[in-house]
Structure formats: structure tokens, C-alpha cells
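Notes for the one structure printed next.
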Amino acid sequence: MIAITGATGQLGRLVIAALLKKVPANQIVAAVRSPEKAKDLADLGVEVRQADYSQPATLDSAFKGVEKLLLISSSEVGQREAQHNAVIAAAKRAGVKLLAYTSLLHADKSPLGLGVEHRATEKALSESGVPHVVLRNGWYTENYAASIAPALAHNAFIGAVGEGRIASAARQDYAEAAAAVLTLDNQAGKVYELAGDEAYTLAEFSAEIAQQSGKKVDYVNLPEAEFAKALTGAGLPDWLATMLADSDAGAAKGGLFDDSHTLSKLIGRPTTPAKEVIAETLKSL
């Protein structure tokens with residue numbers, strides 16, 4: 001059995017879709033906080049089990065009989081370390097033979113604040129004795145594509161990356177990588193640095209938006225604090241605005257760049273170009 005935590009999230013659903021091309025549905029467990037949100041997965045034949053990070057008993061029942069487990073990092077920044085530790089402990093109690101964890105690109109040396117909790121989780125994994133593999137995911141291109149609509153409205157794409165180059169990939173690419181690792185042999189002990197084949201600056205990203213949309217979109221680089229303030233003014237929660245601004249500042253220092261092409265080698269095809277994600281986003285607007 002292969003279990004996926006956070007299975008109703010954006011990445012989790014894509015991982016399950018990729019797994020369904022490789023293994024029978026009855027060999028997949030969707031471990032979710034709210035089973036009622038996973039009816040579509042159950043309809044596909046996937047086994048849905050409740051798994052609440054704050055209720056260890058649910059984790060024990062969710063992981064029963066599971067041989068391989070994908071721990072998709074929690075979306076609750078600031079609570080991740082404790083939540084991840086609960087999953088690792090439950091995986092150990094269940095005798096899981098391989099735990100795959102979605103970490104952060106170059107987490108061991110990342111300048112991004114997000115790296116702190118990922119480093120703590122990687123340390124906990126190493127100390128747990130649970131056989132594990134680390135998927136150090138780079139940025140999802142969708143993270144920046146989410147700002148296309150306001151960029152078109154204001155003729156400006158704002159950020160704090162400067163000339164930093166971002167080697168992002170589509171969420172689908174990372175999902176396929178996770179599915180590959182979960183179905184390959186001898187993965188314990190490996191660390192994958194996963195990023196897109198092509199890198200870009202936000203000025204280049206903005207220029208691509210302008211070219212495809214036919215509208216004026218200039219990149220406006222802001223100091224980190226001003227960028228966070230602008231995001232808060234646009235309605236984002238303080239914690240999210242601060243995190244995004246910090247991530248941009250980290251990208252300016254090379255934190256989201258990698259040219260190893262490990263991701264495309266793992267999935268057996270080139271990663272999705274940013275221009276394709278931009279095109280799909282524009283179609284949906």
C-alpha cells in the first residue's frame with residue numbers, strides 16, 4: 001500500500017493521478033483530514049482514511065498496512081515541525097518501509113525562511129530510523145502565475161527577486177517525480193534536488209506575460225519590506241505576505257536556482273516551461 005498525506009491538496013491530487021497510471025487504485029491510500037472532501041478519490045477506487053496531524057490516533061489507523069508513505073509538507077507554516085514529527089512517529093510505529101518527504105530545494109543551505117522547518121523535518125527523519133527519501137522541491141511556477149491577473153490589471157508584476165534566477169517547474173512535474181520515487185526500488189537514503197530545466201528572472205517572466213497577453217506588464221522590483229506591505233494591502237494575511245516576500249528575497253540570493261536537471265531525469269521528460277503555465281493561466285482568466 002502507498003499512502004499520500006494531504007491527498008486532497010493541489011499536489012496530493014496530482015500525485016494520486018500519477019500513481020493511478022502505475023499501480024491499482026486499491027493499493028493507494030488517500031490520507032486526509034476531511035474524508036468528505038475526498039469522495040471523488042473514493043469513487044476512483046482509492047482508499048480514503050482520516051489522518052489529522054493533531055490527532056496521532058488517526059495517523060496510526062491511516063498508516064496501518066502502509067509500506068510506502070508520501071509526507072507532503074503541511075501548508076500550515078509555523079506548525080510544520082510538530083505536525084511532521086507526528087507523521088514520522090506514526091510511520092515508525094506502523095513499520096513503514098519508505099517515507100518520502102517533500103522538502104525545499106537545497107534545504108540544507110537555503111536562504112529562504114521556509115528552509116528552517118524543512119531542515120528540522122529532515123533532521124527528524126534522519127534521527128527516526130525510518131527509511132526515507134527526500135524530495136527537495138523547487139518553486140512551483142503556479143506560485144508566480146497566481147499573480148498574473150493583478151499584473152494585467154495594474155500593468156505591473158511586483159516582486160523582490162531582483163536579478164535572481166528562478167528554476168521553477170509546474171506542480172504536475174513535481175507530482176510525477178513523487179509518483180516515480182514511490183514506485184521505484186532502492187530509494188531509501190536518496191536526496192533529490194528538484195527544479196525546472198529552464199530558469200528565468202521575474203523581468204523575463206513579466207515580459208512573457210506581456211507578449212502572450214498583448215498587454216503592458218513591467219516588472220517592478222521592490223525592497224522586501226515594501227513588497228510584503230503591498231501584498232498585505234492586496235488582502236493577503238500578514239504571515240503569507242511575509243513568507244512570500246522572504247522567499248523572493250531568498251530567490252534574489254540564488255535560493256530557487258538549480259541546474260542539475262534532476263527533475264526531468266526522474267520524470268523522463270523535459271519539465272514544463274514557464275511559458276506554458278503562463279498560457280494556461282491566461283486561458284483561465
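In the C-alpha cells, each chain is lettered A, B, ... as it comes, each chain's residues begin at 1, and ligands are numbered from 1 in order of appearance.
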Which of region 188-244 of chain A counts as helix (DSSP H, G or I) under DSSP, as a VMD selection string please? chain A and resid 202 to 213 224 to 233 238 to 244
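CA of Gly65 (chain A) lies 19.1 Å from CA of Ser128 (chain A).
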Give me the residues within 8 Å of Leu114 (chain A) as a ChimeraX atom specification, counting only C-alpha atoms and dropping any in the same chain fewer than 4 places off. /A:77,104,118,243,247
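Here the question is which of A:Tyr144, A:Tyr53, A:Phe63, A:Tyr101 gets nearest to Gly189 (chain A) using only C-alpha atoms, and that residue is A:Tyr101.
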Find the residues near Arg171 (chain A): any atom within 9 Å, counting only C-alpha atoms, skip ones fewer than 5 places away on the same chain, and give them as a VMD selection string. chain A and resid 10 to 11 14 139 to 142 176
May I have the residues from that selection written out with N, CA, C and O atoms, as a CSV table (one decimal), in the first residue's frame?
```
chain,number,residue,atom,x,y,z
A,10,GLN,N,-3.6,20.4,-3.7
A,10,GLN,CA,-3.3,20.5,-5.1
A,10,GLN,C,-2.3,19.5,-5.6
A,10,GLN,O,-2.4,18.9,-6.6
A,11,LEU,N,-1.2,19.4,-4.8
A,11,LEU,CA,-0.1,18.5,-5.2
A,11,LEU,C,-0.6,17.0,-4.9
A,11,LEU,O,-0.4,16.2,-5.7
A,14,LEU,N,-2.7,15.5,-7.7
A,14,LEU,CA,-1.9,15.2,-8.9
A,14,LEU,C,-1.0,14.0,-8.7
A,14,LEU,O,-0.8,13.2,-9.6
A,139,TRP,N,10.5,25.8,-6.6
A,139,TRP,CA,9.3,26.6,-6.7
A,139,TRP,C,8.3,26.1,-7.7
A,139,TRP,O,8.8,25.6,-8.8
A,140,TYR,N,7.0,26.1,-7.4
A,140,TYR,CA,6.0,25.8,-8.4
A,140,TYR,C,5.8,27.1,-9.3
A,140,TYR,O,5.7,28.2,-8.8
A,141,THR,N,5.8,26.9,-10.6
A,141,THR,CA,5.6,28.1,-11.5
A,141,THR,C,4.2,28.7,-11.2
A,141,THR,O,4.0,29.9,-11.3
A,142,GLU,N,3.3,27.8,-10.8
A,142,GLU,CA,2.0,28.3,-10.4
A,142,GLU,C,2.0,29.4,-9.3
A,142,GLU,O,1.1,30.2,-9.2
A,176,GLU,N,4.7,14.0,-10.6
A,176,GLU,CA,5.1,12.9,-11.3
A,176,GLU,C,6.4,12.4,-10.7
A,176,GLU,O,6.7,11.1,-10.7
```
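Of note, CA of Ala249 (chain A) and CA of Thr201 (chain A) are spaced 12.9 Å apart.
Distance-wise, CA of Ala180 (chain A) and CA of Arg119 (chain A) end up 23.4 Å apart.
The environment of Ile166 (chain A) within 6 Å, counting only C-alpha atoms and disregarding residues fewer than 4 places along the same chain, consists of Ala199, Tyr200, Leu256 and Phe257 of chain A.
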